[in-house]
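Listing of query_27.txt, compact mmCIF, C-alpha atoms
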```
# COMPACT_ATOMS: atom_id res chain seq x y z
CA MET A 4 -0.51 31.55 2.60
CA TYR A 5 0.86 28.06 3.36
CA THR A 6 -2.49 26.42 2.51
CA THR A 7 -2.60 28.38 -0.76
CA TYR A 8 0.87 27.12 -1.65
CA CYS A 9 -0.10 23.49 -0.91
CA ARG A 10 -3.27 23.70 -2.98
CA ALA A 11 -1.43 25.31 -5.89
CA TYR A 12 1.20 22.56 -5.78
CA GLN A 13 -1.50 19.87 -5.75
CA ARG A 14 -3.40 21.41 -8.66
CA THR A 15 -0.20 21.68 -10.69
CA PHE A 16 0.75 18.09 -9.91
CA LYS A 17 -2.74 16.86 -10.83
CA ILE A 18 -2.56 18.62 -14.21
CA ALA A 19 0.95 17.33 -14.86
CA SER A 20 -0.05 13.78 -13.93
CA ARG A 21 -2.40 13.66 -16.92
CA PHE A 22 0.68 13.41 -19.09
CA PHE A 23 2.31 10.58 -17.12
CA THR A 24 2.26 7.03 -18.45
CA TRP A 25 -0.04 5.20 -16.02
CA ARG A 26 0.63 1.58 -16.79
CA LYS A 27 -2.05 -0.90 -15.77
CA PRO A 28 -0.57 -4.26 -14.83
CA THR A 29 -1.69 -7.25 -16.83
CA LEU A 30 -3.83 -9.22 -14.37
CA ILE A 31 -3.65 -12.99 -13.97
CA THR A 32 -6.50 -13.96 -11.66
CA GLY A 33 -8.30 -16.90 -10.13
CA GLU A 34 -7.54 -20.08 -8.25
CA ASN A 35 -4.10 -21.53 -9.08
CA SER A 36 -3.43 -18.61 -11.44
CA LEU A 37 0.11 -18.52 -10.01
CA LEU A 38 0.95 -21.40 -12.34
CA GLN A 39 0.29 -19.16 -15.35
CA LEU A 40 3.04 -16.71 -14.40
CA PRO A 41 6.07 -18.52 -15.95
CA ALA A 42 4.43 -18.39 -19.38
CA ALA A 43 3.87 -14.64 -18.89
CA ILE A 44 7.54 -14.21 -17.88
CA GLU A 45 8.64 -16.13 -20.96
CA LYS A 46 6.76 -13.71 -23.21
CA TYR A 47 9.19 -11.01 -22.08
CA GLY A 48 12.11 -13.12 -23.32
CA ILE A 49 13.45 -13.47 -19.79
CA LYS A 50 15.71 -16.39 -18.88
CA LYS A 51 16.64 -15.46 -15.28
CA VAL A 52 14.69 -13.66 -12.56
CA LEU A 53 15.33 -12.40 -9.06
CA ILE A 54 12.58 -13.47 -6.65
CA VAL A 55 12.21 -11.15 -3.65
CA THR A 56 10.36 -12.58 -0.66
CA ASP A 57 10.79 -13.07 3.09
CA GLN A 58 11.65 -15.90 5.46
CA GLY A 59 8.02 -16.57 6.42
CA ILE A 60 6.95 -17.10 2.81
CA ALA A 61 10.00 -19.23 2.10
CA GLN A 62 9.37 -21.48 5.11
CA LEU A 63 5.67 -21.93 4.28
CA GLY A 64 6.55 -23.37 0.89
CA LEU A 65 4.08 -21.10 -0.93
CA MET A 66 6.56 -20.56 -3.73
CA MET A 67 7.21 -24.22 -4.53
CA PRO A 68 4.58 -24.57 -7.31
CA LEU A 69 5.98 -21.44 -8.97
CA LEU A 70 9.60 -22.60 -8.66
CA GLN A 71 8.75 -25.99 -10.15
CA GLN A 72 6.92 -24.34 -13.03
CA LEU A 73 9.84 -21.97 -13.66
CA GLU A 74 12.19 -24.94 -13.83
CA GLN A 75 9.91 -26.67 -16.33
CA GLN A 76 9.93 -23.51 -18.46
CA GLN A 77 13.74 -23.40 -18.12
CA ILE A 78 13.62 -19.98 -16.49
CA HIS A 79 16.44 -19.70 -13.95
CA PHE A 80 15.90 -17.91 -10.66
CA VAL A 81 17.78 -16.62 -7.64
CA ILE A 82 15.92 -15.99 -4.38
CA TYR A 83 16.36 -13.16 -1.90
CA ASP A 84 14.38 -14.09 1.23
CA GLN A 85 15.85 -11.81 3.89
CA THR A 86 13.30 -8.99 3.58
CA VAL A 87 12.24 -7.67 6.98
CA PRO A 88 8.96 -5.94 7.90
CA ASN A 89 9.37 -2.29 6.88
CA PRO A 90 12.17 -3.19 4.42
CA THR A 91 15.44 -1.34 4.79
CA ILE A 92 17.98 0.18 2.46
CA ALA A 93 20.29 -2.72 3.40
CA ASN A 94 17.63 -5.21 2.20
CA ILE A 95 17.43 -3.44 -1.13
CA GLU A 96 21.19 -3.27 -1.60
CA GLU A 97 21.61 -6.98 -0.79
CA ALA A 98 18.90 -7.97 -3.25
CA PHE A 99 20.22 -5.56 -5.87
CA ALA A 100 23.68 -7.17 -5.58
CA LEU A 101 22.09 -10.58 -6.22
CA TYR A 102 20.26 -9.24 -9.26
CA ARG A 103 23.44 -7.77 -10.70
CA ASN A 104 25.80 -10.63 -9.80
CA HIS A 105 23.51 -13.24 -11.35
CA ALA A 106 22.73 -11.19 -14.47
CA CYS A 107 18.98 -11.26 -13.85
CA GLN A 108 16.61 -9.80 -16.41
CA GLY A 109 13.41 -9.42 -14.39
CA ILE A 110 12.08 -9.19 -10.85
CA VAL A 111 9.37 -11.24 -9.12
CA ALA A 112 7.96 -9.84 -5.87
CA PHE A 113 6.35 -12.61 -3.82
CA GLY A 114 4.68 -11.74 -0.52
CA GLY A 115 3.02 -8.91 1.34
CA GLY A 116 3.83 -5.22 1.30
CA SER A 117 7.39 -5.61 2.57
CA PRO A 118 8.71 -7.88 -0.23
CA MET A 119 6.81 -5.72 -2.72
CA ASP A 120 8.48 -2.54 -1.45
CA CYS A 121 11.89 -4.20 -1.32
CA ALA A 122 11.52 -5.50 -4.87
CA LYS A 123 10.43 -2.09 -6.15
CA GLY A 124 13.46 -0.57 -4.43
CA VAL A 125 15.64 -3.06 -6.32
CA ALA A 126 13.84 -2.15 -9.55
CA ALA A 127 14.55 1.53 -8.91
CA ARG A 128 18.25 0.75 -8.35
CA VAL A 129 18.39 -1.37 -11.53
CA ALA A 130 16.85 1.51 -13.48
CA ARG A 131 19.11 4.10 -11.82
CA PRO A 132 22.32 2.38 -10.70
CA ASP A 133 23.94 5.82 -10.46
CA LYS A 134 21.56 6.82 -7.62
CA GLN A 135 21.45 5.62 -4.02
CA ILE A 136 18.04 4.95 -2.42
CA PRO A 137 17.95 8.20 -0.39
CA GLU A 138 18.51 10.12 -3.63
CA LEU A 139 15.37 8.52 -5.10
CA LYS A 140 13.13 9.57 -2.19
CA GLY A 141 10.06 11.55 -3.19
CA GLN A 142 8.43 12.18 -6.54
CA LEU A 143 9.58 11.22 -10.04
CA LYS A 144 13.24 10.58 -9.24
CA VAL A 145 13.55 7.28 -11.14
CA ARG A 146 12.26 8.37 -14.55
CA LYS A 147 13.70 5.36 -16.37
CA GLU A 148 11.79 2.20 -17.22
CA MET A 149 12.46 -0.63 -14.80
CA SER A 150 13.08 -4.29 -15.61
CA PRO A 151 9.96 -6.42 -16.23
CA PHE A 152 8.34 -6.65 -12.82
CA PHE A 153 5.93 -9.38 -11.71
CA ALA A 154 3.94 -8.87 -8.49
CA ILE A 155 2.44 -11.77 -6.52
CA PRO A 156 0.64 -10.47 -3.40
CA THR A 157 0.05 -12.95 -0.58
CA THR A 158 -2.01 -10.50 1.47
CA ALA A 159 -5.01 -8.40 0.48
CA GLY A 160 -4.07 -4.94 1.65
CA THR A 161 -1.21 -2.90 0.27
CA GLY A 162 -2.32 -2.84 -3.35
CA SER A 163 1.38 -2.59 -4.27
CA GLU A 164 0.68 -4.68 -7.35
CA ALA A 165 -1.03 -1.58 -8.79
CA THR A 166 0.91 1.33 -7.31
CA VAL A 167 3.72 3.76 -8.04
CA ALA A 168 5.18 3.56 -4.54
CA ALA A 169 8.00 1.76 -2.76
CA VAL A 170 8.09 2.52 0.97
CA ILE A 171 11.54 2.22 2.52
CA SER A 172 12.82 2.37 6.11
CA ASN A 173 16.13 3.74 7.33
CA PRO A 174 16.73 2.30 10.84
CA GLU A 175 19.68 4.64 11.41
CA THR A 176 17.55 7.77 11.11
CA GLN A 177 14.21 6.14 12.06
CA GLU A 178 12.77 7.41 8.78
CA LYS A 179 10.19 5.72 6.63
CA TYR A 180 9.62 7.29 3.25
CA ALA A 181 8.33 6.59 -0.24
CA ILE A 182 9.85 6.49 -3.68
CA ASN A 183 6.99 7.47 -6.02
CA ASP A 184 7.26 7.10 -9.77
CA PRO A 185 4.82 5.69 -12.36
CA VAL A 186 7.62 3.54 -13.78
CA LEU A 187 7.38 1.43 -10.58
CA ILE A 188 3.90 0.13 -11.45
CA PRO A 189 4.29 -3.64 -12.02
CA HIS A 190 3.96 -5.05 -15.51
CA VAL A 191 2.08 -8.18 -14.41
CA ALA A 192 0.14 -8.94 -11.22
CA VAL A 193 -1.06 -12.36 -10.07
CA LEU A 194 -4.19 -12.39 -7.89
CA ASP A 195 -4.42 -16.02 -6.76
CA PRO A 196 -6.76 -16.35 -3.76
CA PHE A 197 -5.19 -19.67 -2.76
CA LEU A 198 -2.08 -17.72 -1.73
CA THR A 199 -4.06 -15.89 0.97
CA VAL A 200 -6.09 -18.86 2.26
CA GLY A 201 -5.15 -19.55 5.85
CA LEU A 202 -3.58 -16.13 6.38
CA PRO A 203 -3.59 -15.48 10.16
CA PRO A 204 -6.68 -13.55 11.29
CA HIS A 205 -4.74 -10.56 12.64
CA ILE A 206 -2.92 -10.15 9.30
CA THR A 207 -6.16 -10.58 7.36
CA SER A 208 -7.82 -7.87 9.45
CA THR A 209 -5.04 -5.28 9.45
CA THR A 210 -4.11 -5.67 5.79
CA GLY A 211 -7.79 -5.45 4.90
CA MET A 212 -8.11 -2.23 6.88
CA ASP A 213 -5.02 -0.95 5.08
CA ALA A 214 -6.90 -1.42 1.81
CA LEU A 215 -9.93 0.39 3.26
CA THR A 216 -7.70 3.29 4.30
CA HIS A 217 -6.35 3.52 0.75
CA ALA A 218 -9.86 3.60 -0.69
CA VAL A 219 -11.19 6.15 1.81
CA GLU A 220 -8.21 8.52 1.74
CA ALA A 221 -8.18 8.46 -2.06
CA TYR A 222 -11.92 9.16 -2.22
CA ILE A 223 -12.01 12.10 0.20
CA GLY A 224 -9.00 13.84 -1.35
CA LYS A 225 -9.06 16.60 -3.93
CA SER A 226 -7.22 14.87 -6.79
CA ASN A 227 -9.83 12.29 -7.68
CA THR A 228 -10.78 11.30 -11.18
CA ALA A 229 -13.92 9.49 -12.31
CA GLU A 230 -11.89 6.26 -12.39
CA THR A 231 -10.38 6.64 -8.90
CA ARG A 232 -13.77 7.48 -7.42
CA GLU A 233 -15.31 4.36 -8.95
CA CYS A 234 -12.40 2.19 -7.81
CA SER A 235 -12.63 3.57 -4.26
CA ILE A 236 -16.37 2.94 -4.07
CA GLN A 237 -16.04 -0.61 -5.38
CA ALA A 238 -13.17 -1.38 -3.00
CA THR A 239 -15.04 0.02 0.00
CA LYS A 240 -18.14 -2.05 -0.79
CA LEU A 241 -16.12 -5.23 -1.23
CA ILE A 242 -14.25 -4.69 2.04
CA PHE A 243 -17.40 -4.07 4.06
CA GLU A 244 -19.00 -7.13 2.49
CA HIS A 245 -16.12 -9.61 2.70
CA LEU A 246 -13.37 -8.61 5.16
CA TYR A 247 -15.05 -9.94 8.29
CA THR A 248 -15.85 -13.23 6.55
CA ALA A 249 -12.22 -13.60 5.46
CA TYR A 250 -11.13 -12.79 9.01
CA LYS A 251 -13.44 -15.36 10.63
CA ASP A 252 -12.98 -18.10 8.04
CA GLY A 253 -9.51 -18.15 6.53
CA THR A 254 -10.50 -20.93 4.13
CA ASN A 255 -13.32 -18.99 2.44
CA VAL A 256 -11.92 -18.68 -1.08
CA GLU A 257 -14.69 -16.38 -2.31
CA ALA A 258 -14.07 -13.86 0.46
CA ARG A 259 -10.32 -14.06 -0.19
CA LYS A 260 -10.87 -13.47 -3.90
CA TYR A 261 -13.03 -10.40 -3.32
CA MET A 262 -10.55 -8.98 -0.80
CA GLN A 263 -7.76 -9.33 -3.36
CA LYS A 264 -9.90 -7.46 -5.87
CA ALA A 265 -10.63 -4.76 -3.27
CA ALA A 266 -6.96 -4.29 -2.43
CA TYR A 267 -6.10 -4.00 -6.12
CA LEU A 268 -8.87 -1.47 -6.82
CA ALA A 269 -7.87 0.60 -3.79
CA GLY A 270 -4.29 0.49 -5.07
CA VAL A 271 -5.40 1.81 -8.47
CA ALA A 272 -7.32 4.58 -6.69
CA PHE A 273 -4.65 5.87 -4.38
CA THR A 274 -1.78 5.60 -6.85
CA ARG A 275 -3.55 8.33 -8.84
CA ALA A 276 -5.42 10.22 -6.10
CA TYR A 277 -2.88 9.77 -3.27
CA VAL A 278 -3.50 9.26 0.42
CA GLY A 279 -3.41 11.63 3.40
CA TYR A 280 -2.50 12.24 7.02
CA VAL A 281 -3.46 8.72 8.13
CA HIS A 282 -0.59 7.36 6.07
CA ALA A 283 1.79 10.16 7.00
CA ILE A 284 1.30 9.42 10.71
CA ALA A 285 1.40 5.65 10.22
CA HIS A 286 4.72 5.88 8.35
CA THR A 287 6.33 7.72 11.27
CA LEU A 288 5.10 5.05 13.70
CA GLY A 289 6.59 2.39 11.45
CA GLY A 290 9.87 4.26 11.25
CA PHE A 291 10.21 4.86 14.99
CA TYR A 292 8.60 1.78 16.51
CA GLN A 293 8.10 -0.74 13.66
CA VAL A 294 4.33 -0.55 14.13
CA PRO A 295 2.83 -2.67 11.31
CA HIS A 296 1.48 -0.35 8.65
CA GLY A 297 -2.02 -1.79 8.26
CA TYR A 298 -2.47 -1.99 12.05
CA ALA A 299 -1.51 1.67 12.41
CA ASN A 300 -3.80 2.77 9.57
CA ALA A 301 -6.74 0.85 11.02
CA ILE A 302 -6.46 2.60 14.37
CA ILE A 303 -5.65 6.09 13.08
CA LEU A 304 -8.27 6.26 10.30
CA PRO A 305 -11.38 7.03 12.41
CA TYR A 306 -9.56 9.72 14.41
CA VAL A 307 -8.38 11.58 11.33
CA LEU A 308 -11.79 11.33 9.63
CA GLU A 309 -13.47 12.76 12.73
CA PHE A 310 -10.89 15.54 12.93
CA TYR A 311 -11.54 16.58 9.33
CA GLY A 312 -15.10 17.42 10.37
CA GLU A 313 -17.49 18.91 7.82
CA SER A 314 -14.86 18.93 5.07
CA VAL A 315 -15.39 15.18 4.59
CA HIS A 316 -19.11 14.87 5.32
CA LYS A 317 -20.19 14.80 1.68
CA PRO A 318 -17.68 12.19 0.38
CA LEU A 319 -18.07 10.03 3.48
CA ALA A 320 -21.84 10.21 3.09
CA GLU A 321 -21.43 8.93 -0.47
CA LEU A 322 -19.30 6.02 0.75
CA ALA A 323 -21.86 5.36 3.49
CA GLU A 324 -24.65 5.13 0.94
CA ALA A 325 -22.53 2.77 -1.17
CA VAL A 326 -22.27 0.31 1.72
CA GLY A 327 -25.92 0.66 2.75
CA ILE A 328 -25.58 3.05 5.70
CA LYS A 329 -28.59 5.34 6.12
CA GLY A 330 -29.00 8.82 7.55
CA GLU A 331 -31.00 12.02 7.18
CA THR A 332 -28.09 14.35 6.44
CA ASP A 333 -24.58 14.06 5.06
CA GLY A 334 -23.27 14.67 8.57
CA GLU A 335 -25.30 11.80 10.01
CA LYS A 336 -24.22 9.44 7.26
CA ALA A 337 -20.57 10.46 7.63
CA ARG A 338 -20.61 9.91 11.38
CA ALA A 339 -22.35 6.55 10.91
CA PHE A 340 -19.70 5.54 8.36
CA ILE A 341 -16.91 6.40 10.82
CA ASP A 342 -18.75 4.42 13.50
CA ALA A 343 -18.96 1.48 11.10
CA ILE A 344 -15.18 1.59 10.64
CA LYS A 345 -14.76 1.56 14.42
CA GLY A 346 -17.19 -1.33 14.63
CA LEU A 347 -15.31 -3.29 11.98
CA ASN A 348 -12.06 -2.76 13.89
CA ALA A 349 -13.65 -3.87 17.16
CA SER A 350 -15.20 -6.97 15.60
CA MET A 351 -11.71 -8.06 14.52
CA ASP A 352 -10.01 -7.29 17.85
CA ILE A 353 -8.11 -4.27 16.54
CA PRO A 354 -7.66 -1.85 19.48
CA ASP A 355 -8.62 1.81 19.35
CA LYS A 356 -5.29 3.18 20.64
CA ILE A 357 -1.63 2.69 19.76
CA GLU A 358 0.65 1.69 22.62
CA GLY A 359 4.30 2.60 22.97
CA ILE A 360 4.48 6.13 21.56
CA VAL A 361 7.18 8.10 23.40
CA ASN A 362 6.14 11.73 23.76
CA ARG A 363 9.66 13.08 23.30
CA ASP A 364 9.59 11.53 19.80
CA VAL A 365 6.35 13.23 18.81
CA PRO A 366 7.80 16.62 17.69
CA VAL A 367 10.14 14.86 15.25
CA MET A 368 7.31 12.62 14.02
CA VAL A 369 5.08 15.66 13.52
CA GLU A 370 7.78 17.30 11.39
CA ARG A 371 8.26 14.17 9.29
CA ALA A 372 4.54 13.59 8.83
CA LEU A 373 4.13 17.18 7.67
CA GLN A 374 7.07 16.83 5.27
CA GLU A 375 5.48 13.72 3.79
CA ALA A 376 1.96 15.09 3.51
CA ASN A 377 2.47 18.76 2.64
CA PRO A 378 2.36 19.97 -0.05
CA LEU A 379 1.84 16.69 -1.97
CA TYR A 380 -1.19 14.97 -0.46
CA PRO A 381 -4.47 16.54 -1.68
CA VAL A 382 -6.15 16.17 1.72
CA PRO A 383 -9.59 17.61 2.55
CA ARG A 384 -8.00 20.03 5.04
CA ILE A 385 -4.38 21.18 5.27
CA LEU A 386 -3.29 20.64 8.88
CA ASN A 387 -0.61 22.50 10.80
CA LYS A 388 1.89 21.35 13.44
CA ASP A 389 -0.44 21.93 16.38
CA GLU A 390 -3.27 19.97 14.77
CA LEU A 391 -1.00 17.09 13.88
CA PHE A 392 0.47 17.12 17.39
CA TYR A 393 -3.08 16.81 18.74
CA LEU A 394 -3.73 13.78 16.53
CA TYR A 395 -0.62 12.05 17.92
CA GLN A 396 -1.97 12.65 21.42
CA ILE A 397 -5.48 11.30 20.88
CA ILE A 398 -4.33 8.04 19.26
CA GLN A 399 -2.46 7.16 22.49
CA PRO A 400 -4.04 5.40 25.51
```

What is this structure when it is put down as structure tokens?
Amino acid sequence: MYTTYCRAYQRTFKIASRFFTWRKPTLITGENSLLQLPAAIEKYGIKKVLIVTDQGIAQLGLMMPLLQQLEQQQIHFVIYDQTVPNPTIANIEEAFALYRNHACQGIVAFGGGSPMDCAKGVAARVARPDKQIPELKGQLKVRKEMSPFFAIPTTAGTGSEATVAAVISNPETQEKYAINDPVLIPHVAVLDPFLTVGLPPHITSTTGMDALTHAVEAYIGKSNTAETRECSIQATKLIFEHLYTAYKDGTNVEARKYMQKAAYLAGVAFTRAYVGYVHAIAHTLGGFYQVPHGYANAIILPYVLEFYGESVHKPLAELAEAVGIKGETDGEKARAFIDAIKGLNASMDIPDKIEGIVNRDVPVMVERALQEANPLYPVPRILNKDELFYLYQIIQP
């Protein structure tokens, strides 16, 4: 009965989503394309923007060319650089206060997934100043167009520059949850590979595996469209071809460029087709222990794919064929594809277990993962508490 309810909900949501406005961000791509952004901002008639970033980005000086260009274009800016990994409600409220107090007209997100999520949280508050962040949790709670939003990713992983989601943490309750609304899709995205050159290897690897998780979970789910399937396949091929190169040689601009494209395509795929239990589990680990999201996804992904069993053999076999993995049957190809994911992790020194999980926390995490995933995520198999509890056990040393 519960499975029937979940599937009915997912079918209804898939039908309804055909009537949503799925904005595609205007893409500005290529080396030094960051310098083209002020002209794009000017086209919106904006004279002052809030830039949301973090301390690491600010200290590296990555924003300086943009800031200089904004000054030349006489576009004023105010910077919020206190975003923490797994951004909090407090981060959003601080940045929102800056936006309001300085009469900003647009938002620039500059950084990895955390500044992106923080900036989208601010955008949600600007659109709905009458609602607090916890009231916007879940699906379609914003429903009002946000300020012009410009996304500048400095990692190739989250795909936030293409997605409907802002993922927020509440340290007081140890929750990590998403605000999902098509109005949160950025208006403009800058994919400048120079911004990811020199990214530390462990961030390159885990953010890249985050993108792979997006592509795979979108592809194996039951709410795919022809477009999301194609985006997932392209992203998976690009990641298998270029992630290890980007990891080993941080200065390889071509590999960086293709990884940015992969992350974007995977973002397009999962923002329409959604993700699954890998993400639901990873979000609880981020909420309880601040485990980096891409790192968690990389480790959890093979376990969940194996647990799905035959229900994912056909789609995984198709992904295997796309990346050149051979086999006699769908089952053989699927298992070889999962082994290839494990091999990619191992080649980049990503472990196969997650340390630090406290067993007394697991029942609460199981509940929260189920609340996130069911009934929304169109997963290959609907899991119950016992099955999810088992998954939390096998990802531990």

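The two atoms in question, CA of Pro151 (chain A) and CA of Val191 (chain A), are spaced 8.3 Å apart.
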
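When CA of Lys140 (chain A) is paired with CA of Glu178 (chain A), their separation reads 11.2 Å.
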
Mind dumping a table of every region 272-385 of chain A residue within 7 Å of region 202-211 of chain A, with the nearest atom pair and its distance in Å to one decimal, using only C-alpha atoms, sorted by chain and rising number, as a tab-separated table?
```
residue	atom	partner	partner_atom	distance
A:Gly297	CA	A:Thr209	CA	4.8
A:Tyr298	CA	A:Thr209	CA	4.9
A:Ala301	CA	A:Thr209	CA	6.6
A:Met351	CA	A:Ser208	CA	6.4
```

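Of the residues under consideration (A:Tyr250, A:Tyr393, A:Phe99, A:Tyr380), A:Tyr380 shows the shortest atom-to-atom contact distance to Arg14 (chain A) when counting all atoms listed in the file.
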
Subject >> For region 218-220 of chain A: contacts at 10 Å, only C-alpha atoms, fewer than 5 positions along chain excluded, given as a ChimeraX atom specification >> reply: /A:212-213,225,231-239,242,265-266,268-273,276-282,304,308,318-319,322,380-383

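Distance annotation: of A:Gly162, A:Gly312, A:Gly59, A:Gly114, the residue with the minimal separation from Ile223 (chain A) is A:Gly312; atom set is all atoms listed in the file.
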
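The coordinates place CA of Ile303 (chain A) at 28.9 Å from CA of Thr15 (chain A).
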
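With all atoms listed in the file as the atoms that count, the residue of A:Lys179, A:His217, A:Arg338, A:Lys251 with the shortest distance to Gly290 (chain A) is A:Lys179.
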
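Distances to Tyr395 (chain A) were evaluated for A:Pro295, A:Gln62, A:Ile284, A:Asp342 using only C-alpha atoms, and the minimum falls at A:Ile284.
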
Within 8 Å of (5.9, -7.1, 8.0) in the file's own coordinates, which protein, DNA or RNA residues have an atom, counting only C-alpha atoms? List them as a CSV table (one decimal) with C-alpha atoms, in the frame of the given file.
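Contents of out23.csv, freshly written:
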```
chain,number,residue,atom,x,y,z
A,87,VAL,CA,12.2,-7.7,7.0
A,88,PRO,CA,9.0,-5.9,7.9
A,89,ASN,CA,9.4,-2.3,6.9
A,115,GLY,CA,3.0,-8.9,1.3
A,116,GLY,CA,3.8,-5.2,1.3
A,117,SER,CA,7.4,-5.6,2.6
A,295,PRO,CA,2.8,-2.7,11.3
```
